[in-house]
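S.K.: Sharing a structure with you now.
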Amino acid sequence: MLRGEYSNVDDGHGSSVAGSRGWNKRGWLVCLLIVVLVGFGGLFFSGVLKPRQVVVEDLDVPVYVGKLDSKIMEWGYGKLHVMLSKSNKTKTQVIALHGSDKETQNAGHWSPNMGMLSKIGNFCLVDAPGFGESENNRLLQSIPASVSGDAIQFLLDDMKLLDNEDTKIVFVARGWGVEALMIFLRNYPEHLNKQNFNYIFLSPTPLLMKWRRNLTKYFSKANGLIVWAERDPEIPNSYRKYLKNSMPLMDEKVIAGIETHYPETSFPGIVSKIVLDWWEKNE
C-alpha cells in the first residue's frame, strides 16, 4: 500500500511524511481547541453564559402588633432617645444597638425585626448618641462608640434593669453597635461576672485589641450567637475567623447563598428563625 511504502520516506527537511502528517493533525486540534475556548470565554464575559446562581427566598417575618413608646431622657451629652415596646410580664429585656453606617445608623433600622425582638422579650431600640434623635453635645471632645458605651450604662440604670438579678438582659447588636457594647463592658467591668447578660451579634465588627485583655478573656467563655451572610462585602473571612476564635463558645450561623452586610434587613425572616430557634434552646 502507498501509505505503508511511503510512511517513513524523508521529505528532504529532516522529518518523515508520517511525522509531518501527525504534526499537522495535532496542530489543527490545538487550533480548534483554542477557538472553542475563546468562543466560550466571549460568551461568558458577554453575559450569555453565566454561572448558576442560587436564589434564596426569605421566610415569613414575625409581626409586631403592639405600639412603641418614644422616650427622651436628659443626660450628660444631651438628649438620649429610645423606643420601648409595650411592657409585658416577661423578665427578659432586649437592648437593640444599631450600626454606624448610613444604612443602619438609627433605631428605626430594627423595624423589620421588631416581631423577632418581641418574641424574646420587652425590647428597647436605642438611638446612639449623635445618631437619630439622640444628641452628642460634646462630639468634638468624644469618641462616638465610647459615648455610646456610657449611654448603655445610663440606660440600664434609668430602666432599673440591674436591680433585679432575675432579669435577663439580651443585647442584640449589629456591626458597630457591638463595638459600643464592648466599650460599655470595658468601662464597667463589674458587669463581666453577671450571668444574666446574653449576646446576639449580627455582622459584628468590634475591635478586640490586646489592651482589652479582660474582654478577650471574658468572651472566650461567653455564650451567645453570631450571624453572618455567607458573603459579606464589608467583612473579610480572615476577620470572621479571628472574631470566632476570640469567642469560641458562641454559636455561629452562616446564611448560605446570600451576599449582604445587612442580613437582618435583607432577609429578616431567615434571621428571625435563626435567632428564635437559638433563643428557644438557650433561654
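Following the order of the C-alpha cells, chains are lettered A, B, ..., residues in each are numbered from 1, and ligands are numbered from 1.
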If we count only C-alpha atoms, what is near stretch 197-200 of chain A at a cut-off of 10 Å, once residues fewer than 5 positions away on the same chain are taken out, given as a PyMOL selection string?
M.R.: chain A and resi 93-96+167-174+178+181+191-192+222-227+250-251+275+278-279+282-283
S.K.: For the helix (DSSP H, G or I) assignment from backbone DSSP, which residues of stretch 73-136 of chain A qualify? Please present them as a PyMOL selection string.
M.R.: chain A and resi 107-120
S.K.: According to DSSP computed on the backbone, where in stretch 18-260 of chain A is there strand (DSSP E or B)? Give the residues as a PyMOL selection string.
M.R.: chain A and resi 68-75+78-85+92-97+122-126+168-174+197-202+224-231+251-259
S.K.: Could you save the residues just selected, with C-alpha atoms, as a short mmCIF file (atom, residue, chain, number, x, y, z; two decimals), in the first residue's frame?
M.R.:
```cif
data_model
loop_
_atom_site.label_atom_id
_atom_site.label_comp_id
_atom_site.auth_asym_id
_atom_site.auth_seq_id
_atom_site.Cartn_x
_atom_site.Cartn_y
_atom_site.Cartn_z
CA LEU A 68 -43.87 51.79 70.59
CA ASP A 69 -43.40 54.45 73.24
CA SER A 70 -40.91 57.13 72.28
CA LYS A 71 -38.90 58.35 75.26
CA ILE A 72 -36.31 61.11 75.50
CA MET A 73 -34.03 61.29 78.53
CA GLU A 74 -31.61 64.03 79.51
CA TRP A 75 -28.08 63.04 80.41
CA GLY A 78 -27.77 65.99 75.80
CA LYS A 79 -30.85 64.02 74.81
CA LEU A 80 -30.92 60.22 74.61
CA HIS A 81 -33.81 58.84 72.56
CA VAL A 82 -35.15 55.30 72.81
CA MET A 83 -38.27 53.48 71.63
CA LEU A 84 -39.84 50.98 74.00
CA SER A 85 -42.19 48.11 73.26
CA THR A 92 -36.39 39.39 79.63
CA GLN A 93 -35.35 42.81 78.30
CA VAL A 94 -33.80 43.28 74.85
CA ILE A 95 -31.46 46.21 74.20
CA ALA A 96 -31.06 46.68 70.42
CA LEU A 97 -27.95 48.57 69.26
CA ASN A 122 -39.67 43.51 76.03
CA PHE A 123 -37.39 45.49 73.75
CA CYS A 124 -35.72 48.87 73.71
CA LEU A 125 -34.47 50.39 70.43
CA VAL A 126 -31.69 52.86 71.15
CA LYS A 168 -32.35 38.63 81.66
CA ILE A 169 -30.76 41.31 79.50
CA VAL A 170 -30.29 40.40 75.85
CA PHE A 171 -28.03 42.65 73.79
CA VAL A 172 -28.93 42.41 70.11
CA ALA A 173 -26.28 44.39 68.26
CA ARG A 174 -25.16 44.72 64.67
CA PHE A 197 -26.29 39.07 80.02
CA ASN A 198 -26.97 37.39 76.68
CA TYR A 199 -25.49 38.33 73.31
CA ILE A 200 -26.82 38.16 69.75
CA PHE A 201 -24.45 39.71 67.20
CA LEU A 202 -25.33 40.37 63.55
CA GLY A 224 -24.21 33.84 72.52
CA LEU A 225 -24.96 33.84 68.83
CA ILE A 226 -23.16 35.33 65.81
CA VAL A 227 -24.99 35.58 62.47
CA TRP A 228 -23.25 36.23 59.14
CA ALA A 229 -24.21 36.23 55.48
CA GLU A 230 -22.20 33.65 53.54
CA ARG A 231 -20.60 36.50 51.60
CA ASP A 251 -22.74 29.69 68.27
CA GLU A 252 -22.09 30.80 64.70
CA LYS A 253 -24.74 30.68 61.98
CA VAL A 254 -23.89 31.46 58.35
CA ILE A 255 -26.80 32.06 55.97
CA ALA A 256 -25.84 30.11 52.85
CA GLY A 257 -26.23 31.57 49.38
CA ILE A 258 -26.64 35.26 50.27
CA GLU A 259 -24.35 38.26 49.87
#
```
S.K.: Neighbours of A:Leu207 within 10 Å (only C-alpha atoms; same-chain residues fewer than 5 positions away dropped), as an MDAnalysis selection string?
M.R.: chainID A and resid 176 178:179 182:183 212 243
S.K.: Those residues with N, CA and C atoms, as an mmCIF file, in the first residue's frame please?
M.R.:
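As written to disk, part-v8.cif reads:
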```cif
data_model
loop_
_atom_site.group_PDB
_atom_site.id
_atom_site.type_symbol
_atom_site.label_atom_id
_atom_site.label_comp_id
_atom_site.auth_asym_id
_atom_site.auth_seq_id
_atom_site.Cartn_x
_atom_site.Cartn_y
_atom_site.Cartn_z
ATOM 1 N N TRP A 176 -21.169 48.047 64.094
ATOM 2 C CA TRP A 176 -20.524 48.959 65.030
ATOM 3 C C TRP A 176 -21.189 48.943 66.399
ATOM 4 N N VAL A 178 -21.809 46.509 68.182
ATOM 5 C CA VAL A 178 -21.067 45.568 69.032
ATOM 6 C C VAL A 178 -19.845 46.262 69.625
ATOM 7 N N GLU A 179 -19.221 47.163 68.858
ATOM 8 C CA GLU A 179 -18.093 47.935 69.380
ATOM 9 C C GLU A 179 -18.523 48.796 70.562
ATOM 10 N N MET A 182 -18.844 46.613 73.531
ATOM 11 C CA MET A 182 -17.538 46.240 74.075
ATOM 12 C C MET A 182 -16.994 47.344 74.980
ATOM 13 N N ILE A 183 -17.155 48.587 74.553
ATOM 14 C CA ILE A 183 -16.655 49.703 75.354
ATOM 15 C C ILE A 183 -17.441 49.815 76.660
ATOM 16 N N ARG A 212 -7.475 45.204 75.520
ATOM 17 C CA ARG A 212 -8.762 44.793 76.093
ATOM 18 C C ARG A 212 -8.682 43.337 76.534
ATOM 19 N N LEU A 243 -12.578 36.716 64.830
ATOM 20 C CA LEU A 243 -13.599 37.009 65.824
ATOM 21 C C LEU A 243 -14.143 35.729 66.439
#
```
S.K.: Give me the residues within 12 Å of A:Glu234 as a list in words, counting only C-alpha atoms and dropping any in the same chain fewer than 6 places off.
M.R.: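 That gives Asp101, Gly175, Ser203, Pro204, Thr205, Trp228, Arg240, Glu259, Thr260, His261 and Tyr262 of chain A.
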S.K.: Could you turn the residues from that selection into a file that holds C-alpha atoms, as a PDB file, in the first residue's frame?
M.R.:
```
ATOM      1  CA  ASP A 101     -23.131  53.403  58.508  1.00  0.00           C
ATOM      2  CA  GLY A 175     -21.896  45.953  63.165  1.00  0.00           C
ATOM      3  CA  SER A 203     -22.422  41.031  61.153  1.00  0.00           C
ATOM      4  CA  PRO A 204     -20.381  42.277  64.135  1.00  0.00           C
ATOM      5  CA  THR A 205     -17.319  44.489  63.714  1.00  0.00           C
ATOM      6  CA  TRP A 228     -23.254  36.226  59.142  1.00  0.00           C
ATOM      7  CA  ARG A 240     -14.635  36.488  60.793  1.00  0.00           C
ATOM      8  CA  GLU A 259     -24.349  38.256  49.867  1.00  0.00           C
ATOM      9  CA  THR A 260     -25.087  41.235  52.108  1.00  0.00           C
ATOM     10  CA  HIS A 261     -23.729  43.198  55.045  1.00  0.00           C
ATOM     11  CA  TYR A 262     -27.280  43.570  56.396  1.00  0.00           C
TER      12      TYR A 262
END
```
S.K.: Looking at only C-alpha atoms, which of A:Gly76, A:Ser272, A:Asn88, A:Gly177 is the one that sits closest to A:Gln105?
M.R.: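 Closest to A:Gln105, using only C-alpha atoms: A:Gly177.
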S.K.: Which residues are close to A:Leu215, i.e. within 12 Å by only C-alpha atoms, leaving aside same-chain residues fewer than 2 positions away? Reply as JSON, numbers by chain.
M.R.: {"A": [179, 181, 182, 183, 184, 185, 186, 187, 188, 189, 190, 191, 192, 193, 206, 207, 208, 209, 210, 211, 212, 213, 217, 218, 219, 220, 221, 222, 246, 247]}
S.K.: Taking C-alpha atoms for each residue, export the selection above as a compact mmCIF listing (two decimals), in the first residue's frame.
M.R.:
```txt
# COMPACT_ATOMS: atom_id res chain seq x y z
CA GLU A 179 -18.09 47.93 69.38
CA LEU A 181 -21.19 47.27 73.68
CA MET A 182 -17.54 46.24 74.08
CA ILE A 183 -16.65 49.70 75.35
CA PHE A 184 -19.56 49.53 77.82
CA LEU A 185 -18.21 46.25 79.19
CA ARG A 186 -14.67 47.62 79.26
CA ASN A 187 -15.64 50.80 81.11
CA TYR A 188 -17.91 48.97 83.57
CA PRO A 189 -16.06 45.69 84.29
CA GLU A 190 -18.30 44.96 87.27
CA HIS A 191 -20.79 43.61 84.73
CA LEU A 192 -18.41 40.97 83.35
CA ASN A 193 -19.34 38.44 86.03
CA PRO A 206 -15.80 45.03 67.18
CA LEU A 207 -12.12 45.57 67.87
CA LEU A 208 -10.67 43.05 70.31
CA MET A 209 -7.23 44.56 70.84
CA LYS A 210 -4.54 43.45 73.30
CA TRP A 211 -5.34 46.37 75.58
CA ARG A 212 -8.76 44.79 76.09
CA ARG A 213 -7.41 41.58 77.56
CA LYS A 217 -10.80 36.56 78.46
CA TYR A 218 -14.48 37.24 79.16
CA PHE A 219 -15.67 36.46 75.63
CA SER A 220 -13.53 33.34 75.46
CA LYS A 221 -16.10 31.90 77.89
CA ALA A 222 -19.24 33.84 76.95
CA SER A 246 -11.96 35.16 70.15
CA MET A 247 -15.48 33.96 71.04
```
S.K.: Would you work out the distance separating atom CA of A:Asp150 from atom CA of A:Ser134, expressed in Å to one decimal?
M.R.: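 Going from atom CA of A:Asp150 over to atom CA of A:Ser134 covers 13.4 Å.
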S.K.: Skipping near chain neighbours, those fewer than 3 positions away, what residues fall within 10 Å of A:Asn113 using only C-alpha atoms, listed as a PyMOL selection string?
M.R.: chain A and resi 61-64+108-110+116-118+264-265+267-269+271-272
S.K.: For the selection just defined, write its residues with N, CA and C atoms to a file, as a PDB file, in the first residue's frame.
M.R.:
```pdb
ATOM      1  N   VAL A  61     -41.915  36.771  58.016  1.00  0.00           N
ATOM      2  CA  VAL A  61     -41.340  37.607  59.069  1.00  0.00           C
ATOM      3  C   VAL A  61     -42.327  37.738  60.225  1.00  0.00           C
ATOM      4  N   PRO A  62     -41.915  37.458  61.475  1.00  0.00           N
ATOM      5  CA  PRO A  62     -42.813  37.690  62.613  1.00  0.00           C
ATOM      6  C   PRO A  62     -43.226  39.157  62.677  1.00  0.00           C
ATOM      7  N   VAL A  63     -44.482  39.379  63.011  1.00  0.00           N
ATOM      8  CA  VAL A  63     -45.025  40.741  63.015  1.00  0.00           C
ATOM      9  C   VAL A  63     -45.228  41.221  64.448  1.00  0.00           C
ATOM     10  N   TYR A  64     -44.814  42.443  64.704  1.00  0.00           N
ATOM     11  CA  TYR A  64     -45.074  43.069  65.999  1.00  0.00           C
ATOM     12  C   TYR A  64     -46.330  43.919  65.871  1.00  0.00           C
ATOM     13  N   GLY A 108     -34.592  53.100  64.045  1.00  0.00           N
ATOM     14  CA  GLY A 108     -35.569  52.632  63.065  1.00  0.00           C
ATOM     15  C   GLY A 108     -35.063  51.506  62.192  1.00  0.00           C
ATOM     16  N   HIS A 109     -33.746  51.277  62.206  1.00  0.00           N
ATOM     17  CA  HIS A 109     -33.176  50.165  61.437  1.00  0.00           C
ATOM     18  C   HIS A 109     -33.812  48.835  61.820  1.00  0.00           C
ATOM     19  N   TRP A 110     -34.262  48.726  63.061  1.00  0.00           N
ATOM     20  CA  TRP A 110     -34.781  47.455  63.560  1.00  0.00           C
ATOM     21  C   TRP A 110     -36.250  47.215  63.226  1.00  0.00           C
ATOM     22  N   MET A 116     -39.482  39.710  65.794  1.00  0.00           N
ATOM     23  CA  MET A 116     -38.482  38.799  66.364  1.00  0.00           C
ATOM     24  C   MET A 116     -38.110  39.227  67.782  1.00  0.00           C
ATOM     25  N   LEU A 117     -37.831  40.515  67.956  1.00  0.00           N
ATOM     26  CA  LEU A 117     -37.422  41.011  69.271  1.00  0.00           C
ATOM     27  C   LEU A 117     -38.520  40.814  70.305  1.00  0.00           C
ATOM     28  N   SER A 118     -39.775  41.015  69.899  1.00  0.00           N
ATOM     29  CA  SER A 118     -40.894  40.886  70.841  1.00  0.00           C
ATOM     30  C   SER A 118     -41.082  39.459  71.312  1.00  0.00           C
ATOM     31  N   GLU A 264     -30.110  41.095  58.580  1.00  0.00           N
ATOM     32  CA  GLU A 264     -31.329  41.278  59.384  1.00  0.00           C
ATOM     33  C   GLU A 264     -32.392  42.095  58.657  1.00  0.00           C
ATOM     34  N   THR A 265     -32.004  42.914  57.679  1.00  0.00           N
ATOM     35  CA  THR A 265     -32.989  43.664  56.903  1.00  0.00           C
ATOM     36  C   THR A 265     -33.155  43.110  55.491  1.00  0.00           C
ATOM     37  N   PHE A 267     -32.845  39.822  54.761  1.00  0.00           N
ATOM     38  CA  PHE A 267     -33.548  38.543  54.947  1.00  0.00           C
ATOM     39  C   PHE A 267     -34.057  38.445  56.389  1.00  0.00           C
ATOM     40  N   PRO A 268     -34.993  39.320  56.769  1.00  0.00           N
ATOM     41  CA  PRO A 268     -35.445  39.352  58.175  1.00  0.00           C
ATOM     42  C   PRO A 268     -36.126  38.067  58.619  1.00  0.00           C
ATOM     43  N   GLY A 269     -36.799  37.382  57.683  1.00  0.00           N
ATOM     44  CA  GLY A 269     -37.472  36.133  58.053  1.00  0.00           C
ATOM     45  C   GLY A 269     -36.484  35.038  58.402  1.00  0.00           C
ATOM     46  N   VAL A 271     -33.291  35.442  59.334  1.00  0.00           N
ATOM     47  CA  VAL A 271     -32.589  35.832  60.560  1.00  0.00           C
ATOM     48  C   VAL A 271     -33.480  35.610  61.781  1.00  0.00           C
ATOM     49  N   SER A 272     -34.760  35.931  61.669  1.00  0.00           N
ATOM     50  CA  SER A 272     -35.681  35.724  62.790  1.00  0.00           C
ATOM     51  C   SER A 272     -35.747  34.260  63.190  1.00  0.00           C
TER      52      SER A 272
END
```
